[in-house]
Amino acid sequence: MKIFLLFIGIIALVCGIKFIYDARLIVKKYFTMGDLNEATLGLKIFGFILVILGGLIFYFCF
């Protein structure tokens with residue numbers, strides 16, 4: 001169970017970093033929104049939350 005949670009934490013960390021770093025490219029490729037800046041900001045906030053949750057899971061399982 002501990003290893004499973006550790007992998008979930010690592011996956012959340014990696015996905016969060018990917019969302020923060022490539023937010024504009026992801027929004028351009030997958031979404032057709034009118035305001036690109038708001039969608040990019042939302043994706044970066046979501047990535048930041050994923051990084052925090054993944055870091056907490058990784059910290060408490062390791």
# chains A, B, ... in the order shown; residues from 1 in each chain; ligands from 1
call {"tool": "residues_around", "arguments": {"residues": "region 38-50 of chain A", "least_positions_apart": "6", "cutoff": "9 Å", "atoms": "only C-alpha atoms", "output": "PyMOL selection string"}}
result
chain A and resi 12-27+31
call {"tool": "residues_around", "arguments": {"residues": "region 58-61 of chain A", "least_positions_apart": "5", "cutoff": "9 Å", "atoms": "only C-alpha atoms", "output": "MDAnalysis selection string"}}
result
chainID A and resid 2:3 5:10 13 53
